[in-house]
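Enquirer: mmCIF, C-alpha atoms, saved as protein.cif, coming up:
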data_coords
loop_
_atom_site.label_atom_id
_atom_site.label_comp_id
_atom_site.auth_asym_id
_atom_site.auth_seq_id
_atom_site.Cartn_x
_atom_site.Cartn_y
_atom_site.Cartn_z
CA MET G 1 -4.06 -13.21 31.68
CA THR G 2 -7.36 -15.04 31.28
CA TRP G 3 -6.95 -17.18 34.37
CA ALA G 4 -5.31 -14.35 36.31
CA GLY G 5 -8.47 -12.29 35.82
CA ALA G 6 -10.62 -15.22 36.90
CA VAL G 7 -8.55 -15.55 40.11
CA LEU G 8 -8.56 -11.82 40.89
CA HIS G 9 -12.31 -11.47 40.35
CA PRO G 10 -13.36 -13.08 43.70
CA PHE G 11 -10.88 -10.87 45.60
CA MET G 12 -12.41 -7.80 43.96
CA VAL G 13 -15.87 -8.95 45.04
CA LEU G 14 -14.69 -9.54 48.63
CA LEU G 15 -13.08 -6.11 48.67
CA LEU G 16 -16.35 -4.59 47.48
CA VAL G 17 -18.30 -6.35 50.25
CA THR G 18 -15.95 -5.93 53.19
CA GLY G 19 -14.00 -2.80 52.30
CA ALA G 20 -16.92 -0.47 51.53
CA PRO G 21 -19.73 -1.25 53.97
CA ARG G 22 -21.20 2.25 53.66
CA ALA G 23 -20.89 2.41 49.87
CA SER G 24 -23.87 3.50 47.79
CA GLY G 25 -25.54 1.42 45.10
CA THR G 26 -23.64 3.36 42.43
CA VAL G 27 -20.34 2.29 43.99
CA HIS G 28 -21.50 -1.31 44.05
CA ALA G 29 -22.51 -1.09 40.37
CA LEU G 30 -19.18 0.45 39.35
CA GLY G 31 -17.29 -2.04 41.47
CA SER G 32 -19.07 -4.98 39.87
CA LEU G 33 -18.33 -3.60 36.39
CA PHE G 34 -14.67 -3.19 37.32
CA ALA G 35 -14.63 -6.76 38.60
CA LEU G 36 -16.15 -7.78 35.25
CA ALA G 37 -13.28 -6.01 33.46
CA LEU G 38 -10.94 -8.47 35.16
CA LEU G 39 -12.86 -11.23 33.37
CA ALA G 40 -12.32 -9.74 29.88
CA GLY G 41 -10.25 -12.74 28.74
CA VAL G 42 -12.74 -15.23 30.16
CA LEU G 43 -15.59 -13.23 28.63
CA ARG G 44 -14.11 -13.53 25.13
CA ARG G 45 -13.33 -17.23 25.33
CA MET G 46 -15.88 -18.63 27.81
CA PRO G 47 -18.81 -16.23 28.27
CA LEU G 48 -20.83 -18.84 30.16
CA LEU G 49 -18.09 -19.16 32.79
CA ALA G 50 -17.95 -15.37 33.03
CA LEU G 51 -21.73 -15.33 33.54
CA ALA G 52 -21.46 -17.84 36.38
CA LEU G 53 -18.71 -15.82 38.08
CA THR G 54 -20.57 -12.52 37.82
CA LEU G 55 -23.77 -14.15 39.11
CA CYS G 56 -21.90 -15.47 42.13
CA GLY G 57 -20.20 -12.12 42.73
CA ALA G 58 -23.46 -10.17 42.52
CA ALA G 59 -25.19 -12.67 44.81
CA ILE G 60 -22.43 -12.25 47.42
CA VAL G 61 -22.82 -8.46 47.31
CA VAL G 62 -26.57 -8.83 47.89
CA VAL G 63 -26.48 -11.61 50.50
CA VAL G 64 -23.63 -10.36 52.71
CA PRO G 65 -25.05 -7.55 54.87
CA PRO G 66 -23.13 -4.46 56.02
CA SER G 67 -20.97 -5.16 59.04
CA SER G 68 -22.56 -2.60 61.38
CA ALA G 69 -26.04 -1.60 62.40
CA ALA G 70 -25.37 2.01 61.43
CA ALA G 71 -24.39 0.91 57.97
CA ARG G 72 -27.52 -1.20 57.70
CA LEU G 73 -29.62 1.87 58.60
CA SER G 74 -27.77 4.22 56.25
CA LEU G 75 -27.58 1.89 53.26
CA SER G 76 -30.71 1.12 51.32
CA TYR G 77 -30.79 -2.46 50.19
CA GLN G 78 -32.08 -1.54 46.75
CA GLY G 79 -28.60 -0.21 45.92
CA GLN G 80 -27.15 -3.66 46.42
CA PHE G 81 -29.03 -4.96 43.38
CA LEU G 82 -27.22 -2.57 41.03
CA SER G 83 -24.33 -5.03 41.12
CA TYR G 84 -26.40 -7.12 38.69
CA LEU G 85 -25.57 -4.65 35.91
CA ALA G 86 -22.44 -6.69 35.30
CA VAL G 87 -24.60 -9.80 34.91
CA ASP G 88 -26.75 -8.00 32.33
CA VAL G 89 -23.66 -7.03 30.33
CA VAL G 90 -22.52 -10.65 30.19
CA LEU G 91 -26.03 -11.80 29.28
CA ALA G 92 -26.05 -9.44 26.29
CA LEU G 93 -22.84 -11.06 25.04
CA VAL G 94 -24.18 -14.58 25.62
CA VAL G 95 -27.37 -13.82 23.69
CA ALA G 96 -25.36 -12.27 20.85
CA THR G 97 -22.82 -15.08 20.44
CA ARG G 98 -24.27 -18.35 21.69
CA THR G 99 -26.99 -20.62 20.33
CA ARG G 100 -30.62 -19.75 20.98
CA LEU G 101 -31.10 -22.69 23.35
CA THR G 102 -28.03 -21.76 25.39
CA SER G 103 -29.14 -18.13 25.48
CA ILE G 104 -32.64 -19.04 26.67
CA VAL G 105 -31.28 -21.27 29.44
CA ALA G 106 -28.77 -18.61 30.56
CA VAL G 107 -31.38 -15.83 30.60
CA ALA G 108 -33.91 -17.99 32.46
CA LEU G 109 -31.35 -19.03 35.09
CA ALA G 110 -30.08 -15.48 35.62
CA LEU G 111 -33.61 -14.11 35.87
CA LEU G 112 -34.64 -16.79 38.37
CA ILE G 113 -31.63 -16.13 40.62
CA GLN G 114 -32.14 -12.37 40.53
CA LEU G 115 -35.87 -12.55 41.28
CA LEU G 116 -35.26 -14.96 44.18
CA LEU G 117 -32.67 -12.64 45.68
CA VAL G 118 -34.87 -9.59 45.14
CA GLY G 119 -37.78 -11.39 46.80
CA GLY G 120 -35.64 -12.53 49.68
CA PHE G 121 -33.64 -9.38 50.45
CA ALA G 122 -35.78 -6.46 49.32
CA HIS G 123 -38.30 -5.00 51.77
CA GLY G 124 -41.51 -3.00 51.49
CA ASP G 125 -41.89 -0.82 48.46
CA ASN G 126 -38.36 -1.69 47.43
CA LEU G 127 -39.54 -5.19 46.49
CA VAL G 128 -41.72 -4.02 43.57
CA ALA G 129 -39.25 -1.34 42.45
CA ASN G 130 -36.31 -3.74 42.43
CA ALA G 131 -38.32 -6.44 40.63
CA VAL G 132 -39.35 -3.99 37.90
CA ILE G 133 -35.80 -2.65 37.55
CA THR G 134 -34.45 -6.20 37.32
CA LEU G 135 -36.92 -7.13 34.58
CA LEU G 136 -36.30 -3.94 32.59
CA ALA G 137 -32.52 -4.24 32.83
CA MET G 138 -32.58 -7.85 31.72
CA ALA G 139 -34.99 -7.06 28.86
CA ALA G 140 -32.66 -4.28 27.72
CA SER G 141 -29.62 -6.56 27.81
CA CYS G 142 -31.45 -9.29 25.86
CA THR G 143 -32.56 -6.72 23.28
CA VAL G 144 -29.00 -5.51 22.82
CA GLY G 145 -27.82 -9.11 22.49
CA LEU G 146 -30.49 -9.94 19.91
CA LEU G 147 -29.58 -6.87 17.87
CA GLY G 148 -25.95 -7.93 17.97
CA ARG G 149 -26.89 -11.46 16.92
CA GLU G 150 -29.00 -10.20 14.00
CA ARG G 151 -26.23 -7.88 12.87
CA ARG G 152 -23.69 -10.68 13.00
CA GLU G 153 -25.98 -13.09 11.13
CA HIS G 154 -26.70 -10.41 8.55
CA ALA G 155 -22.98 -9.83 8.03
CA VAL G 156 -22.44 -13.59 7.62
CA ALA G 157 -25.31 -13.76 5.12
CA LEU G 158 -23.86 -10.85 3.15
CA ARG G 159 -20.45 -12.52 3.05
CA SER G 160 -22.00 -15.80 1.94
CA GLN G 161 -23.99 -14.01 -0.74
CA ALA G 162 -20.90 -12.18 -1.95
CA VAL G 163 -18.97 -15.45 -2.14
CA ALA G 164 -21.83 -17.14 -4.02
CA GLU G 165 -22.07 -14.24 -6.47
CA ALA G 166 -18.31 -14.29 -7.01
CA VAL G 167 -18.39 -18.05 -7.67
CA THR G 168 -21.29 -17.63 -10.10
CA ALA G 169 -19.59 -14.76 -11.91
CA GLU G 170 -16.36 -16.74 -12.20
CA ARG G 171 -18.24 -19.79 -13.46
CA LEU G 172 -19.99 -17.71 -16.10
CA ARG G 173 -16.69 -16.12 -17.10
CA ILE G 174 -15.12 -19.55 -17.55
CA ALA G 175 -18.17 -20.75 -19.49
CA ARG G 176 -17.96 -17.74 -21.83
CA GLU G 177 -14.24 -18.17 -22.33
CA LEU G 178 -14.51 -21.89 -23.07
CA HIS G 179 -17.49 -21.40 -25.37
CA ASP G 180 -15.91 -18.59 -27.36
CA MET G 181 -12.60 -20.39 -27.66
CA VAL G 182 -13.76 -23.95 -28.27
CA ALA G 183 -16.85 -23.28 -30.40
CA HIS G 184 -14.88 -21.32 -32.99
CA SER G 185 -12.09 -23.86 -33.16
CA ILE G 186 -14.37 -26.90 -33.31
CA GLY G 187 -16.45 -25.24 -36.04
CA ILE G 188 -13.36 -24.70 -38.18
CA ILE G 189 -12.07 -28.21 -37.48
CA ALA G 190 -15.42 -29.74 -38.45
CA ILE G 191 -15.54 -27.85 -41.73
CA GLN G 192 -11.93 -28.62 -42.60
CA ALA G 193 -12.43 -32.29 -41.74
CA GLY G 194 -15.44 -32.39 -44.05
CA VAL G 195 -13.45 -30.75 -46.86
CA GLY G 196 -10.54 -33.12 -46.35
CA SER G 197 -12.73 -36.22 -46.39
CA ARG G 198 -14.35 -35.17 -49.67
CA VAL G 199 -11.16 -34.35 -51.58
CA ILE G 200 -8.68 -36.80 -50.08
CA GLU G 201 -8.91 -39.11 -53.11
CA THR G 202 -9.12 -36.53 -55.90
CA GLN G 203 -7.19 -33.55 -54.50
CA PRO G 204 -4.54 -34.72 -52.04
CA HIS G 205 -2.99 -31.26 -51.88
CA GLU G 206 -6.26 -29.71 -50.70
CA ALA G 207 -6.66 -32.55 -48.20
CA ARG G 208 -3.18 -31.86 -46.81
CA GLU G 209 -4.03 -28.17 -46.43
CA ALA G 210 -7.20 -29.08 -44.58
CA LEU G 211 -5.28 -31.38 -42.23
CA ARG G 212 -2.68 -28.66 -41.66
CA ALA G 213 -5.44 -26.20 -40.74
CA ILE G 214 -6.94 -28.78 -38.37
CA GLU G 215 -3.55 -29.30 -36.71
CA THR G 216 -2.94 -25.55 -36.29
CA THR G 217 -6.39 -24.88 -34.91
CA SER G 218 -6.17 -27.84 -32.54
CA ARG G 219 -2.83 -26.67 -31.14
CA GLU G 220 -4.14 -23.16 -30.59
CA THR G 221 -7.22 -24.52 -28.85
CA LEU G 222 -5.17 -26.77 -26.59
CA SER G 223 -2.92 -23.84 -25.70
CA GLY G 224 -5.96 -21.73 -24.83
CA LEU G 225 -7.44 -24.51 -22.72
CA ARG G 226 -4.18 -24.94 -20.86
CA ARG G 227 -4.02 -21.19 -20.19
CA THR G 228 -7.57 -21.28 -18.82
CA LEU G 229 -6.80 -24.26 -16.56
CA VAL G 230 -3.67 -22.57 -15.23
CA ALA G 231 -5.71 -19.46 -14.48
CA LEU G 232 -8.08 -21.61 -12.44
CA ARG G 233 -5.13 -22.88 -10.40
CA GLN G 234 -3.49 -19.54 -9.75
CA ALA G 235 -3.77 -20.09 -6.00
CA ASP G 236 -1.29 -22.94 -6.38
CA SER G 237 2.05 -21.36 -7.30
CA SER G 238 3.43 -24.65 -8.55
CA ALA G 239 0.72 -24.97 -11.18
CA ALA G 240 2.17 -22.11 -13.23
CA SER G 241 5.69 -23.57 -13.33
CA GLY G 242 5.12 -26.00 -16.20
CA SER G 243 7.80 -26.49 -18.82
CA ALA G 244 5.61 -25.62 -21.81
CA PRO G 245 5.22 -21.88 -22.44
CA LEU G 246 1.76 -20.35 -22.20
CA ALA G 247 0.26 -18.58 -25.20
CA PRO G 248 -0.47 -14.88 -24.67
CA VAL G 249 -4.04 -13.72 -24.13
CA PRO G 250 -5.53 -12.90 -27.55
CA GLY G 251 -6.63 -9.39 -28.49
CA LEU G 252 -7.51 -7.22 -31.45
CA ALA G 253 -3.93 -7.51 -32.68
CA ASP G 254 -4.76 -11.14 -33.52
CA ILE G 255 -7.82 -10.35 -35.67
CA GLU G 256 -5.92 -10.89 -38.93
CA ARG G 257 -4.82 -14.33 -37.76
CA LEU G 258 -8.42 -15.08 -36.78
CA ALA G 259 -9.56 -13.88 -40.20
CA ALA G 260 -7.04 -16.18 -41.89
CA ALA G 261 -8.30 -19.17 -39.90
CA THR G 262 -11.88 -18.26 -40.82
CA ALA G 263 -10.87 -18.00 -44.47
CA ASP G 264 -9.49 -21.54 -44.24
CA ALA G 265 -12.98 -22.60 -43.18
CA GLY G 266 -14.45 -21.11 -46.37
CA VAL G 267 -15.46 -17.59 -45.29
CA ARG G 268 -13.33 -14.69 -46.51
CA VAL G 269 -13.08 -11.95 -43.91
CA GLU G 270 -12.45 -8.32 -44.81
CA VAL G 271 -10.98 -6.42 -41.85
CA ARG G 272 -11.25 -2.63 -41.73
CA ARG G 273 -9.76 -0.47 -38.98
CA SER G 274 -10.37 3.19 -38.33
CA GLY G 275 -9.44 5.72 -35.68
CA GLU G 276 -6.22 6.04 -33.73
CA GLU G 277 -5.07 2.57 -32.77
CA ARG G 278 -3.62 2.41 -29.25
CA PRO G 279 -3.10 -0.14 -26.48
CA LEU G 280 -6.34 -1.16 -24.79
CA PRO G 281 -7.02 -2.41 -21.26
CA PRO G 282 -6.68 -6.22 -21.25
CA ASP G 283 -10.33 -6.89 -20.39
CA ILE G 284 -11.61 -4.68 -23.23
CA ASP G 285 -9.07 -6.06 -25.70
CA LEU G 286 -9.95 -9.68 -24.89
CA SER G 287 -13.71 -9.05 -24.89
CA ALA G 288 -13.59 -7.30 -28.27
CA TYR G 289 -11.60 -10.20 -29.72
CA ARG G 290 -14.00 -12.78 -28.30
CA ILE G 291 -17.02 -10.90 -29.66
CA VAL G 292 -15.51 -10.86 -33.16
CA GLN G 293 -14.51 -14.51 -32.80
CA GLU G 294 -18.01 -15.60 -31.77
CA ALA G 295 -19.61 -13.53 -34.55
CA LEU G 296 -17.30 -15.13 -37.12
CA THR G 297 -18.08 -18.57 -35.71
CA ASN G 298 -21.79 -17.91 -36.24
CA VAL G 299 -21.11 -16.75 -39.80
CA VAL G 300 -19.18 -19.94 -40.56
CA ARG G 301 -21.77 -22.22 -38.98
CA HIS G 302 -25.07 -20.53 -39.79
CA ALA G 303 -24.85 -17.76 -42.39
CA GLY G 304 -24.27 -19.84 -45.48
CA THR G 305 -22.12 -17.16 -47.12
CA GLY G 306 -18.52 -16.97 -48.27
CA HIS G 307 -17.81 -13.38 -47.24
CA CYS G 308 -18.18 -11.10 -44.23
CA GLN G 309 -16.76 -7.82 -43.00
CA VAL G 310 -15.20 -6.86 -39.66
CA VAL G 311 -15.01 -3.15 -38.82
CA ILE G 312 -13.00 -1.94 -35.81
CA ASP G 313 -13.23 1.72 -34.86
CA PHE G 314 -10.98 3.21 -32.17
CA GLY G 315 -13.05 6.17 -31.06
CA GLY G 316 -12.14 8.80 -28.53
CA GLU G 317 -14.54 7.49 -25.86
CA GLU G 318 -15.49 4.01 -27.03
CA LEU G 319 -14.30 1.07 -29.06
CA SER G 320 -16.69 -0.11 -31.74
CA VAL G 321 -16.53 -3.57 -33.33
CA GLU G 322 -18.93 -4.69 -36.02
CA VAL G 323 -19.29 -7.94 -37.96
CA VAL G 324 -21.60 -7.89 -40.99
CA ASP G 325 -22.44 -10.66 -43.43
CA GLU G 326 -24.83 -11.11 -46.33
CA GLY G 327 -25.99 -14.59 -45.46
CA ARG G 328 -29.29 -16.04 -44.33
CA GLY G 329 -29.76 -13.45 -41.60
CA SER G 330 -32.08 -14.90 -38.97
CA GLY G 331 -30.20 -18.19 -38.70
CA ALA G 332 -26.85 -16.54 -38.22
CA SER G 333 -27.30 -15.62 -34.63
CA GLY G 334 -27.24 -19.13 -33.34
CA SER G 335 -29.33 -17.87 -30.41
CA THR G 336 -31.99 -20.50 -30.75
CA HIS G 337 -29.89 -23.40 -29.56
CA GLY G 338 -26.60 -21.89 -28.44
CA PHE G 339 -25.13 -19.40 -26.04
CA GLY G 340 -23.12 -17.21 -28.42
CA ILE G 341 -25.26 -14.08 -28.31
CA VAL G 342 -25.87 -14.58 -24.57
CA GLY G 343 -22.13 -14.72 -23.93
CA MET G 344 -21.53 -11.61 -26.03
CA ARG G 345 -24.21 -9.70 -24.13
CA GLU G 346 -22.67 -10.75 -20.81
CA ARG G 347 -19.21 -9.62 -21.89
CA VAL G 348 -20.49 -6.25 -23.09
CA GLY G 349 -22.66 -5.81 -19.98
CA LEU G 350 -19.70 -6.38 -17.66
CA LEU G 351 -17.89 -3.53 -19.42
CA ASN G 352 -20.94 -1.21 -19.35
CA GLY G 353 -21.14 -1.31 -23.12
CA ARG G 354 -23.92 -1.82 -25.68
CA LEU G 355 -24.55 -4.72 -28.05
CA SER G 356 -26.92 -5.06 -30.96
CA ALA G 357 -27.28 -8.32 -32.88
CA GLY G 358 -29.92 -9.16 -35.44
CA PRO G 359 -30.85 -9.52 -39.11
CA ARG G 360 -30.33 -6.55 -41.41
CA PRO G 361 -33.26 -5.17 -43.45
CA GLU G 362 -31.25 -5.55 -46.66
CA GLY G 363 -30.34 -9.14 -45.79
CA GLY G 364 -27.67 -10.81 -43.75
CA PHE G 365 -26.80 -10.42 -40.11
CA ARG G 366 -25.06 -7.72 -38.08
CA VAL G 367 -23.35 -7.84 -34.70
CA ALA G 368 -22.21 -4.49 -33.29
CA ALA G 369 -20.64 -3.86 -29.90
CA ARG G 370 -19.62 -0.55 -28.36
CA LEU G 371 -17.29 -0.71 -25.39
CA PRO G 372 -16.53 2.46 -23.40
CA LEU G 373 -12.83 3.26 -23.07
CA PRO G 374 -11.21 4.76 -19.96
CA SER G 375 -10.49 8.44 -20.19
CA ALA G 376 -7.00 9.42 -21.25
CA GLU G 377 -4.57 10.56 -18.55
CA PRO G 378 -4.22 14.34 -18.25
CA VAL G 379 -1.24 15.85 -19.98
CA GLY G 380 0.73 18.63 -18.34
CA ALA G 381 2.03 21.79 -19.95
CA SER G 382 5.31 20.10 -20.81
CA GLY G 383 3.47 17.39 -22.73
CA VAL G 384 4.40 14.63 -20.29
CA ALA G 385 1.56 12.52 -18.88
CA ARG G 386 1.22 13.06 -15.16
#
What's the structure tokens form of this structure?
Expert:
Amino acid sequence: MTWAGAVLHPFMVLLLVTGAPRASGTVHALGSLFALALLAGVLRRMPLLALALTLCGAAIVVVVPPSSAAARLSLSYQGQFLSYLAVDVVLALVVATRTRLTSIVAVALALLIQLLLVGGFAHGDNLVANAVITLLAMAASCTVGLLGRERREHAVALRSQAVAEAVTAERLRIARELHDMVAHSIGIIAIQAGVGSRVIETQPHEAREALRAIETTSRETLSGLRRTLVALRQADSSAASGSAPLAPVPGLADIERLAAATADAGVRVEVRRSGEERPLPPDIDLSAYRIVQEALTNVVRHAGTGHCQVVIDFGGEELSVEVVDEGRGSGASGSTHGFGIVGMRERVGLLNGRLSAGPRPEGGFRVAARLPLPSAEPVGASGVAR
């Protein structure tokens, strides 16, 4: 179809010149636009070729005079120049889609040809009028093309910005996940390794327990790392077909197991639950677990205490998790040199929740997060959720 339109275009121009010698300028303008419609395929793929063809077609309409003297008397030559409307349409597309240098060259060439033809074939007062109309029409087409170019560039910039923001958000999510998962496990492993090295000669049983805790924690950490790496390769379907099973994503149901691991590291954790326990959205469940995990990690590493309390409240509109210890207080946050509190704030912020973390007036440290819960589904008169 593309080349068929390019072949039919000259025949349409010849028909316009020879078949309508008494036609008005409006007919010439409409005829040139119809001839341009035949070049739709060429216009999409090769706008510069379409510009050359429309320039030649418009020039033929202007240069070839009417075939009779009566027609020459009845037809004003200024109407002939309306055939350049098709050229202006193509110029707008060239300016909008091609490079600035190409656009400048195309506009300059088209303007030069039109002004030469206006100067050579317009007469009397028509010379000034046609020159002004030519300049205004070309200025309008260039303006439309520039607006199209700016809109397209703005859309590209917005897409690039959206991609960059998505990459940054994903990178931060991975950083939070790795930090929360690895920091807790490495902290417990370091403490257990220290205990084992001190009692290996005098208390072999305690040393074996420490090594067993190190092995368990290491396996859980490796499983979590593998799950994270598989998530990063989700685009590759073959990456998720490994033989080893993946551990499920942790949640508040695993708090007791987390408390037991923390107790092995020397900090006894008292877990209290209140409210009506119910399944939570995966992102809220995971974030609440990670917040508790990071808070317990800070207690183990910085608080210098052997006891802390975890309170989980399933409210009607929000989930509240709180970790309180009676340790050193200001050193428990780990915010001076680490990213624990920063990661917790990011997690809570993504869920439109609230986080408070700081020393308590009576001593110790408190981390409290409140995460809004989605509203419950409406229940019909029969008691069945709709």
Enquirer: By how many Å are atom CA of G:Asp285 and atom CA of G:Gly315 apart?
Expert: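 Here the two named atoms are 13.9 Å from each other.
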Enquirer: Atom CA of G:Ala140 and atom CA of G:Leu53 are how many Å apart?
Expert: 20.9 Å
Enquirer: What does the distance between atom CA of G:Val321 and atom CA of G:Arg370 come to in Å, to one decimal place?
Expert: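 Straight-line distance from atom CA of G:Val321 to atom CA of G:Arg370 works out to 6.6 Å.
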Enquirer: So that each row is one residue of stretch 105-157 of chain G with an atom at most 9 Å from stretch 54-57 of chain G, can you give its shortest atom pair and the distance in Å to one decimal, using all atoms listed in the file, rows by chain and rising number, as CSV?
Expert:
residue,atom,partner,partner_atom,distance
G:Ala110,CA,G:Leu55,CA,7.3
G:Ile113,CA,G:Leu55,CA,8.2
G:Gln114,CA,G:Leu55,CA,8.7
Enquirer: Hey, what comes out of the PyMOL selection byres ((chain G and resi 270) around 7) on this file? Could you write it as a PyMOL selection string?
Expert: chain G and resi 268-269+271-272+308-310
Enquirer: Just C-alpha atoms for this one: save the residues we selected as an mmCIF file, in the coordinates of the input.
Expert:
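Written file, out-v9.cif:
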data_model
loop_
_atom_site.group_PDB
_atom_site.id
_atom_site.type_symbol
_atom_site.label_atom_id
_atom_site.label_comp_id
_atom_site.auth_asym_id
_atom_site.auth_seq_id
_atom_site.Cartn_x
_atom_site.Cartn_y
_atom_site.Cartn_z
ATOM 1 C CA ARG G 268 -13.330 -14.690 -46.510
ATOM 2 C CA VAL G 269 -13.080 -11.950 -43.910
ATOM 3 C CA VAL G 271 -10.980 -6.420 -41.850
ATOM 4 C CA ARG G 272 -11.250 -2.630 -41.730
ATOM 5 C CA CYS G 308 -18.180 -11.100 -44.230
ATOM 6 C CA GLN G 309 -16.760 -7.820 -43.000
ATOM 7 C CA VAL G 310 -15.200 -6.860 -39.660
#
Enquirer: Quick one: residues within 9 Å of G:Leu319, all atoms listed in the file counted, chain neighbours fewer than 3 positions away excluded, as number ranges by chain?
Expert: G: 284, 288, 312-316, 369-373
Enquirer: I'd like to see the residues matched by the PyMOL selection byres ((chain G and resi 86-96) around 7) on this file, and ideally I'd get them as number ranges by chain.
Expert: G: 32-33, 36, 47, 51, 54-55, 83-85, 97-98, 103, 107, 137-138, 141-142, 144-146, 148-149
Enquirer: Do you know which residues are at most 8 Å from G:Ile214 counting all atoms listed in the file, after dropping those on the same chain fewer than 2 positions away, and could you put them as a JSON list (two decimals) with C-alpha atoms, in the coordinates of the input?
Expert:
[["chain", "number", "residue", "atom", "x", "y", "z"],
["G", 188, "ILE", "CA", -13.36, -24.70, -38.18],
["G", 189, "ILE", "CA", -12.07, -28.21, -37.48],
["G", 192, "GLN", "CA", -11.93, -28.62, -42.60],
["G", 193, "ALA", "CA", -12.43, -32.29, -41.74],
["G", 210, "ALA", "CA", -7.20, -29.08, -44.58],
["G", 211, "LEU", "CA", -5.28, -31.38, -42.23],
["G", 212, "ARG", "CA", -2.68, -28.66, -41.66],
["G", 216, "THR", "CA", -2.94, -25.55, -36.29],
["G", 217, "THR", "CA", -6.39, -24.88, -34.91],
["G", 218, "SER", "CA", -6.17, -27.84, -32.54]]
Enquirer: Can you fill out stretch 306-319 of chain G with N, CA and C atoms and hand it back as a compact mmCIF listing (two decimals), in the coordinates of the input?
Expert:
# COMPACT_ATOMS: atom_id res chain seq x y z
N GLY G 306 -19.97 -16.84 -48.17
CA GLY G 306 -18.52 -16.97 -48.27
C GLY G 306 -17.78 -15.69 -47.99
N HIS G 307 -18.47 -14.66 -47.48
CA HIS G 307 -17.81 -13.38 -47.24
C HIS G 307 -18.48 -12.66 -46.08
N CYS G 308 -17.67 -11.97 -45.28
CA CYS G 308 -18.18 -11.10 -44.23
C CYS G 308 -17.18 -9.98 -43.99
N GLN G 309 -17.59 -9.00 -43.23
CA GLN G 309 -16.76 -7.82 -43.00
C GLN G 309 -16.66 -7.54 -41.50
N VAL G 310 -15.45 -7.25 -41.05
CA VAL G 310 -15.20 -6.86 -39.66
C VAL G 310 -14.70 -5.42 -39.66
N VAL G 311 -15.38 -4.56 -38.92
CA VAL G 311 -15.01 -3.15 -38.82
C VAL G 311 -14.66 -2.85 -37.37
N ILE G 312 -13.47 -2.30 -37.14
CA ILE G 312 -13.00 -1.94 -35.81
C ILE G 312 -12.71 -0.45 -35.80
N ASP G 313 -13.39 0.27 -34.92
CA ASP G 313 -13.23 1.72 -34.86
C ASP G 313 -12.73 2.12 -33.47
N PHE G 314 -11.53 2.71 -33.43
CA PHE G 314 -10.98 3.21 -32.17
C PHE G 314 -11.44 4.65 -31.99
N GLY G 315 -12.55 4.83 -31.29
CA GLY G 315 -13.05 6.17 -31.06
C GLY G 315 -12.38 6.82 -29.87
N GLY G 316 -12.73 8.08 -29.65
CA GLY G 316 -12.14 8.80 -28.53
C GLY G 316 -12.66 8.31 -27.18
N GLU G 317 -13.92 7.89 -27.12
CA GLU G 317 -14.54 7.49 -25.86
C GLU G 317 -14.98 6.03 -25.83
N GLU G 318 -15.06 5.40 -27.00
CA GLU G 318 -15.49 4.01 -27.03
C GLU G 318 -14.85 3.27 -28.20
N LEU G 319 -14.77 1.97 -28.01
CA LEU G 319 -14.30 1.07 -29.06
C LEU G 319 -15.51 0.42 -29.71
